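In what follows, a single structure is set out as structure tokens and then discussed.
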Amino acid sequence: MNIQKLTIASLVTLVSSISLSAQTITAKVVDKKTNEPIPYATIQYAANSGVITNEEGTFSFTLTKNQIPADSVYISSMGYEKLGIALNTITDSIIYIAPKAVELSSVFVSNKNLTIDEIMDNVKENVPKNYSNTLSHKKLFIRESDFSDISKIHVKLKKSTIEEFDREFIDSVVSIIPRKSSYYTETLCDLYGNFDKQKLDIIKGAELYDKSNDGSMNALSERLENILKKNVKQNSYLKIKSGWIPGFKIQIDSIMESNPEAAEVKKEMEDQDKNKSDYFYTYRKSAIQGLLSGMFFQEDSKLNFIDKSGRYEFELVDYSIMDDSSVYIITFKPKRRADFKGTIYVNTQDFAIMRVDYENVKNLQNFGLLGISFHDTLYKGKTIFTKGADGKYSVRYIEKIRGNEFGIDRPLKIVEKNKFVKGRRKQNELSLALDIGAGEVSKYEVVVFGSEPITESEYEKTTENKNIQPQYLSKYDPEFWKGYNIIEPNTAIRQFTVIEGES
């Protein structure tokens with residue numbers, strides 16, 4: 001829709017909205033035929049500016065007084081008609097877009113009916129020139145969602161020579177450990193660099209979780225320390241052993257601070273707590289580096305369906321339109337000794353993979369020995385690329401989900417020994433039988449809102465802000481990111497709240 005077709009009332013509304021200091025647009029994109037939400041659709045609201053819908057089809061963006069939009073927002077998604085719609089008509093509404101029929105004649109612009117092997121050979125050959133590794137400045141938003149689930153936790157007290165370490169104490173310890181927990185972090189930042197080197201400047205961050213768990217564990221730590229101070233002697237050491245596995249020693253002074261070295265260690269840990277922002281920065285940067293190094297075209301990537309293409313079977317299943325380009329829709333699955341299956345969307349002209357969806361077909365790692373087990377169970381996600389003015393592709397959206405399971409079914413014995421007291425060297429003993437099973441899942445989402453090339457000298461001049469303290473939120477606050485562009489939270493995040501009285 002162009003501005004000449006707007007009614008006078010609509011024109012007044014549009015002009016008024018531009019004059020405001022900031023205007024937030026929120027809507028949901030839905031399939032006109034099925035009424036189903038459309039995830040990962042592209043929403044372009046100004047030149048070189050846009051957002052992406054979340055997994056539930058929802059998006060929002062904020063226009064500032066310095067950002068004059070076009071009269072229309074343009075919405076596109078693979079397999080759908082591109083739609084232009086006036087700004088003033090989409091606030092807090094649902095937008096319907098229609099599926100688009102793809103004619104085979106429009107796909108084969110080169111008039112060459114390539115076989116699947118020929119297509120994949122072209123994909124592999126063109127990887128180096130299709131994906132940009134030049135230095136750039138990217139504005140991005142990263143959300144990490146962590147979920148832990150303890151399926152079982154059984155602790156049997158077999159022997160204790162310390163009165164306070166009784167069945168009641170063990171039960172109290174077990175009772176305060178949360179069986180299920182959720183932890184969300186959100187970060188808006190500037191990223192400078194390329195796949196090989198990065199600098200991160202954090203603008204704003206938030207943490208959303210149940211803080212009461214921290215308080216419970218801190219109280220338990222203090223109680224444990226008091227029991228040890230009351231019952232163990234100076235110059236003692238603890239010998240920890242599990243079954244016939246050789247034990248190891250821990251000097252008890254290092255736990256109870258009865259020597260200068262131990263006190264210094266504790267002070268360092270307290271200082272680290274106070275400087276939590278540095279940890280927040282370090283972990284965010286590490287997460288981004290891991291996501292970038294996991295791209296399918298990176299060396300030693302687990303996602304090796306191009307580098308080790310001989311291990312996979314590819315099939316051309318359909319055609320579609322993505323960002324105004326015709327694409328082959330190609331599935332892949334293991335042929336031998338491979339870990340993944342998925343779908344790639346390949347540009348019919350330059351053979352760039354514009355999108356990849358993948359998931360593991362078997363555990364990536366299995367370990368089990370002497371009652372200890374670990375299974376790397378989940379590695380799935382999707383990556384969407386966009387073509388720049390230079391003809392090369394860069395990352396627009398990343399979703400990655402990792403999961404694992406851990407178990408321990410072993411005896412545990414802790415013995416206090418002291419060679420500086422008369423009589424037996426053995427002072428106290430705590431003997432337990434552990435049967436614990438747990439799993440965790442981490443989901444990463446990254447959306448890139450804009451990318452501009454920079455020079456080497458510009459990169460060197462950039463600085464990293466390591467001192468942004470993430471704000472703790474006990475429940476989702478829609479006002480926290482007001483005025484900033486992010487990927488909209490899903491329903492689980494919106495509904496997250498700490499139960500009153502537990503925080």
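Here, A, B, ... name the chains of the structure tokens in the order displayed, residue numbers run from 1 inside each chain, and ligands are numbered from 1 in the same displayed order.
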Would you kindly return, as a list in words, each protein, DNA or RNA residue with an atom no farther than 12 Å from any atom of Leu224 in chain A, considering only C-alpha atoms and excluding same-chain residues fewer than 3 positions away?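 The filter keeps Ile162, Glu164, Phe165, Phe169, Ile170, Ser172, Val173, Met217, Asn218, Ala219, Leu220, Ser221, Ile227, Leu228, Lys229, Lys230, Asn231, Val232, Ile255 and Met256 of chain A.
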Compare A:Thr42, A:Asn363, A:Thr455, A:Asn428 by their minimum atom-to-atom distance to Glu163 in chain A, counting only C-alpha atoms, and give me the closest one. A:Asn428
Find the distance between CA of Thr348 in chain A and CA of Ala389 in chain A and write it in Å to one decimal. 18.4 Å
Applying 7 Å and only C-alpha atoms, which residues near range 309-317 of chain A remain after dropping the ones on its own chain fewer than 4 positions away? List them as a list in words.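 The residues satisfying every condition are Ile116, Phe305, Tyr328, Ile329, Ile330, Thr331, Phe332, Lys333, Pro334, Lys335, Arg336, Arg337 and Ala338 of chain A.
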For a quick check of understanding, using only C-alpha atoms, which of A:Asp146, A:Glu36, A:Glu81, A:Glu405 has the smallest distance to Met322 in chain A?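 Smallest distance to Met322 in chain A is found for A:Glu81.
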Residues within 9 Å of Val29 in chain A, only C-alpha atoms, excluding chain neighbours under 2 positions, as a compact mmCIF listing (two decimals) with all heavy atoms, in the first residue's frame:
```
# COMPACT_ATOMS: atom_id res chain seq x y z
N ALA A 27 2.80 -6.88 16.62
CA ALA A 27 1.79 -7.62 15.87
C ALA A 27 2.19 -9.09 15.78
O ALA A 27 3.27 -9.49 16.20
CB ALA A 27 1.62 -7.03 14.48
N ASP A 31 -0.70 -17.31 9.00
CA ASP A 31 -1.02 -17.88 7.70
C ASP A 31 -2.50 -17.64 7.39
O ASP A 31 -3.38 -18.04 8.17
CB ASP A 31 -0.71 -19.39 7.71
CG ASP A 31 -0.90 -20.04 6.35
OD1 ASP A 31 -1.99 -19.93 5.78
OD2 ASP A 31 0.06 -20.70 5.89
N GLU A 36 -2.42 -20.45 11.24
CA GLU A 36 -1.30 -20.79 12.10
C GLU A 36 -0.28 -19.65 12.11
O GLU A 36 -0.06 -19.00 11.08
CB GLU A 36 -0.62 -22.07 11.60
CG GLU A 36 -1.46 -23.32 11.74
CD GLU A 36 -1.71 -23.70 13.18
OE1 GLU A 36 -0.79 -23.52 14.00
OE2 GLU A 36 -2.83 -24.15 13.49
N PRO A 37 0.36 -19.40 13.27
CA PRO A 37 1.39 -18.35 13.31
C PRO A 37 2.59 -18.71 12.44
O PRO A 37 2.90 -19.90 12.25
CB PRO A 37 1.78 -18.29 14.79
CG PRO A 37 1.39 -19.62 15.34
CD PRO A 37 0.19 -20.06 14.57
N ILE A 38 3.27 -17.71 11.91
CA ILE A 38 4.42 -17.93 11.02
C ILE A 38 5.70 -17.47 11.73
O ILE A 38 5.92 -16.27 11.91
CB ILE A 38 4.25 -17.18 9.70
CG1 ILE A 38 2.97 -17.66 9.00
CG2 ILE A 38 5.46 -17.36 8.80
CD1 ILE A 38 2.63 -16.89 7.75
N PRO A 39 6.52 -18.41 12.15
CA PRO A 39 7.76 -18.04 12.84
C PRO A 39 8.85 -17.60 11.86
O PRO A 39 8.84 -17.98 10.69
CB PRO A 39 8.17 -19.35 13.54
CG PRO A 39 7.61 -20.43 12.67
CD PRO A 39 6.33 -19.87 12.07
N ALA A 41 9.57 -14.94 10.26
CA ALA A 41 9.30 -14.08 9.11
C ALA A 41 10.11 -12.78 9.25
O ALA A 41 10.36 -12.32 10.36
CB ALA A 41 7.81 -13.77 9.02
N THR A 53 10.17 -12.43 13.33
CA THR A 53 9.15 -12.92 14.25
C THR A 53 9.73 -14.06 15.09
O THR A 53 10.63 -14.78 14.65
CB THR A 53 7.90 -13.43 13.51
OG1 THR A 53 8.27 -14.50 12.64
CG2 THR A 53 7.26 -12.32 12.70
N GLU A 56 6.54 -18.00 17.82
CA GLU A 56 5.08 -17.93 17.87
C GLU A 56 4.53 -16.90 16.90
O GLU A 56 3.36 -16.55 16.96
CB GLU A 56 4.65 -17.61 19.31
CG GLU A 56 5.04 -18.71 20.30
CD GLU A 56 4.81 -18.31 21.74
OE1 GLU A 56 4.61 -17.09 22.00
OE2 GLU A 56 4.82 -19.18 22.61
N GLY A 57 5.37 -16.39 16.00
CA GLY A 57 4.92 -15.47 14.97
C GLY A 57 4.80 -14.02 15.39
O GLY A 57 4.34 -13.19 14.61
N THR A 58 5.23 -13.70 16.60
CA THR A 58 5.07 -12.34 17.13
C THR A 58 6.33 -11.51 16.89
O THR A 58 7.44 -12.02 16.94
CB THR A 58 4.78 -12.39 18.64
OG1 THR A 58 3.61 -13.19 18.85
CG2 THR A 58 4.53 -11.01 19.21
N PHE A 59 6.15 -10.22 16.65
CA PHE A 59 7.27 -9.31 16.51
C PHE A 59 6.92 -7.96 17.10
O PHE A 59 5.75 -7.62 17.32
CB PHE A 59 7.67 -9.14 15.04
CG PHE A 59 6.69 -8.30 14.24
CD1 PHE A 59 6.84 -6.92 14.13
CD2 PHE A 59 5.62 -8.90 13.59
CE1 PHE A 59 5.94 -6.15 13.40
CE2 PHE A 59 4.70 -8.14 12.86
CZ PHE A 59 4.87 -6.76 12.76
N ILE A 75 6.54 -7.45 4.90
CA ILE A 75 6.62 -8.73 5.60
C ILE A 75 6.84 -9.83 4.58
O ILE A 75 6.11 -9.94 3.59
CB ILE A 75 5.33 -9.00 6.40
CG1 ILE A 75 5.10 -7.86 7.40
CG2 ILE A 75 5.39 -10.34 7.11
CD1 ILE A 75 3.71 -7.80 7.93
N SER A 93 -2.11 -5.92 16.45
CA SER A 93 -3.06 -6.59 15.57
C SER A 93 -2.47 -7.88 15.03
O SER A 93 -1.34 -8.26 15.34
CB SER A 93 -3.45 -5.67 14.41
OG SER A 93 -2.31 -5.40 13.61
N ILE A 94 -3.26 -8.55 14.23
CA ILE A 94 -2.82 -9.78 13.55
C ILE A 94 -2.70 -9.47 12.06
O ILE A 94 -3.57 -8.85 11.47
CB ILE A 94 -3.82 -10.92 13.79
CG1 ILE A 94 -3.84 -11.31 15.27
CG2 ILE A 94 -3.47 -12.13 12.93
CD1 ILE A 94 -4.84 -12.39 15.61
N ILE A 95 -1.60 -9.92 11.48
CA ILE A 95 -1.37 -9.71 10.05
C ILE A 95 -1.45 -11.06 9.35
O ILE A 95 -0.73 -12.00 9.71
CB ILE A 95 0.00 -9.07 9.81
CG1 ILE A 95 0.10 -7.74 10.55
CG2 ILE A 95 0.26 -8.88 8.32
CD1 ILE A 95 1.49 -7.15 10.52
N TYR A 96 -2.29 -11.15 8.35
CA TYR A 96 -2.44 -12.39 7.59
C TYR A 96 -1.66 -12.29 6.30
O TYR A 96 -1.76 -11.29 5.57
CB TYR A 96 -3.92 -12.65 7.28
CG TYR A 96 -4.75 -12.92 8.51
CD1 TYR A 96 -5.43 -11.88 9.16
CD2 TYR A 96 -4.86 -14.20 9.03
CE1 TYR A 96 -6.19 -12.13 10.30
CE2 TYR A 96 -5.62 -14.45 10.16
CZ TYR A 96 -6.28 -13.41 10.79
OH TYR A 96 -7.03 -13.65 11.92
N ILE A 97 -0.84 -13.31 5.99
CA ILE A 97 -0.16 -13.36 4.71
C ILE A 97 -0.51 -14.68 4.02
O ILE A 97 -0.74 -15.70 4.66
CB ILE A 97 1.36 -13.18 4.83
CG1 ILE A 97 1.99 -14.28 5.69
CG2 ILE A 97 1.69 -11.82 5.41
CD1 ILE A 97 3.51 -14.19 5.75
```
Measuring atom to atom with only C-alpha atoms, identify which of A:Asp300, A:Glu186, A:Glu207, A:Glu55 is nearest to Lys475 in chain A. A:Glu207
Using DSSP secondary structure from the backbone, list all strand (DSSP E or B) positions within range 124-248 of chain A, as number ranges by chain. A: 131, 136-160, 180-193, 198-209, 237-242, 245-248
Which residues come within 9 Å of Phe449 in chain A, counting only C-alpha atoms, excluding same-chain residues fewer than 3 positions away, as a ChimeraX atom specification? /A:48-52,138-141,396,485-486
Quote the spacing between CA of Thr377 in chain A and CA of Phe296 in chain A in Å to one decimal place. 19.4 Å
9 Å contact set for Tyr281 in chain A, only C-alpha atoms, chain neighbours under 5 positions out, as an mmCIF file with C-alpha atoms, in the first residue's frame:
```cif
data_model
loop_
_atom_site.group_PDB
_atom_site.id
_atom_site.type_symbol
_atom_site.label_atom_id
_atom_site.label_comp_id
_atom_site.auth_asym_id
_atom_site.auth_seq_id
_atom_site.Cartn_x
_atom_site.Cartn_y
_atom_site.Cartn_z
ATOM 1 C CA LEU A 200 31.636 -7.150 22.474
ATOM 2 C CA ASP A 201 30.095 -3.958 23.807
ATOM 3 C CA ILE A 202 27.096 -4.759 26.027
ATOM 4 C CA LYS A 276 29.432 -10.200 38.501
ATOM 5 C CA SER A 286 31.941 -16.967 24.998
ATOM 6 C CA ASN A 465 32.066 -2.523 27.883
ATOM 7 C CA LYS A 466 32.643 -5.211 30.507
ATOM 8 C CA ASN A 467 30.903 -3.450 33.374
ATOM 9 C CA ILE A 468 27.220 -3.688 32.509
ATOM 10 C CA GLN A 469 25.424 -5.307 35.438
#
```
Residues of range 11-243 of chain A in alpha helix (DSSP H), written as an MDAnalysis selection string: chainID A and resid 11:19 104:107 116:130 167:176 212:231
Output file for the selection above: C-alpha atoms, as an mmCIF file, in the first residue's frame:
```
data_model
loop_
_atom_site.group_PDB
_atom_site.id
_atom_site.type_symbol
_atom_site.label_atom_id
_atom_site.label_comp_id
_atom_site.auth_asym_id
_atom_site.auth_seq_id
_atom_site.Cartn_x
_atom_site.Cartn_y
_atom_site.Cartn_z
ATOM 1 C CA LEU A 11 -2.341 10.030 6.903
ATOM 2 C CA VAL A 12 -2.823 12.209 9.954
ATOM 3 C CA THR A 13 -2.194 9.222 12.221
ATOM 4 C CA LEU A 14 0.964 8.307 10.341
ATOM 5 C CA VAL A 15 2.411 11.815 10.437
ATOM 6 C CA SER A 16 1.604 12.062 14.142
ATOM 7 C CA SER A 17 3.326 8.783 14.868
ATOM 8 C CA ILE A 18 6.530 9.969 13.162
ATOM 9 C CA SER A 19 6.593 13.082 15.306
ATOM 10 C CA LEU A 104 8.849 -24.427 -11.780
ATOM 11 C CA SER A 105 9.600 -22.294 -14.846
ATOM 12 C CA SER A 106 10.442 -19.344 -12.593
ATOM 13 C CA VAL A 107 12.891 -21.403 -10.590
ATOM 14 C CA ILE A 116 21.166 -33.208 -6.716
ATOM 15 C CA ASP A 117 24.849 -34.164 -6.894
ATOM 16 C CA GLU A 118 25.565 -31.234 -9.210
ATOM 17 C CA ILE A 119 23.685 -28.855 -6.927
ATOM 18 C CA MET A 120 25.616 -29.995 -3.861
ATOM 19 C CA ASP A 121 28.939 -29.786 -5.723
ATOM 20 C CA ASN A 122 28.091 -26.168 -6.568
ATOM 21 C CA VAL A 123 27.103 -25.467 -2.974
ATOM 22 C CA LYS A 124 30.420 -26.779 -1.669
ATOM 23 C CA GLU A 125 32.466 -25.014 -4.337
ATOM 24 C CA ASN A 126 30.815 -21.641 -3.670
ATOM 25 C CA VAL A 127 30.978 -21.676 0.139
ATOM 26 C CA PRO A 128 34.206 -19.580 0.344
ATOM 27 C CA LYS A 129 32.840 -16.749 -1.794
ATOM 28 C CA ASN A 130 29.225 -16.787 -0.544
ATOM 29 C CA ARG A 167 18.972 -38.449 58.322
ATOM 30 C CA GLU A 168 17.053 -35.230 58.983
ATOM 31 C CA PHE A 169 19.970 -33.106 57.742
ATOM 32 C CA ILE A 170 20.355 -35.194 54.584
ATOM 33 C CA ASP A 171 16.631 -34.949 53.896
ATOM 34 C CA SER A 172 16.717 -31.169 54.390
ATOM 35 C CA VAL A 173 19.561 -30.866 51.888
ATOM 36 C CA VAL A 174 17.704 -32.948 49.335
ATOM 37 C CA SER A 175 14.470 -31.018 49.875
ATOM 38 C CA ILE A 176 15.889 -27.577 49.026
ATOM 39 C CA SER A 212 15.224 -17.832 46.283
ATOM 40 C CA ASN A 213 17.272 -20.840 45.173
ATOM 41 C CA ASP A 214 20.432 -18.804 45.782
ATOM 42 C CA GLY A 215 19.314 -17.922 49.291
ATOM 43 C CA SER A 216 18.552 -21.531 50.156
ATOM 44 C CA MET A 217 21.942 -22.746 48.957
ATOM 45 C CA ASN A 218 23.760 -19.929 50.772
ATOM 46 C CA ALA A 219 21.961 -20.813 54.003
ATOM 47 C CA LEU A 220 22.896 -24.461 53.530
ATOM 48 C CA SER A 221 26.540 -23.506 52.930
ATOM 49 C CA GLU A 222 26.655 -21.480 56.153
ATOM 50 C CA ARG A 223 25.024 -24.303 58.126
ATOM 51 C CA LEU A 224 27.504 -26.823 56.739
ATOM 52 C CA GLU A 225 30.450 -24.571 57.574
ATOM 53 C CA ASN A 226 29.211 -24.146 61.159
ATOM 54 C CA ILE A 227 28.889 -27.918 61.604
ATOM 55 C CA LEU A 228 32.426 -28.459 60.324
ATOM 56 C CA LYS A 229 33.872 -25.737 62.546
ATOM 57 C CA LYS A 230 32.216 -27.319 65.566
ATOM 58 C CA ASN A 231 33.259 -30.922 64.901
#
```
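You will find CA of Gly193 in chain A at 23.3 Å from CA of Val356 in chain A.
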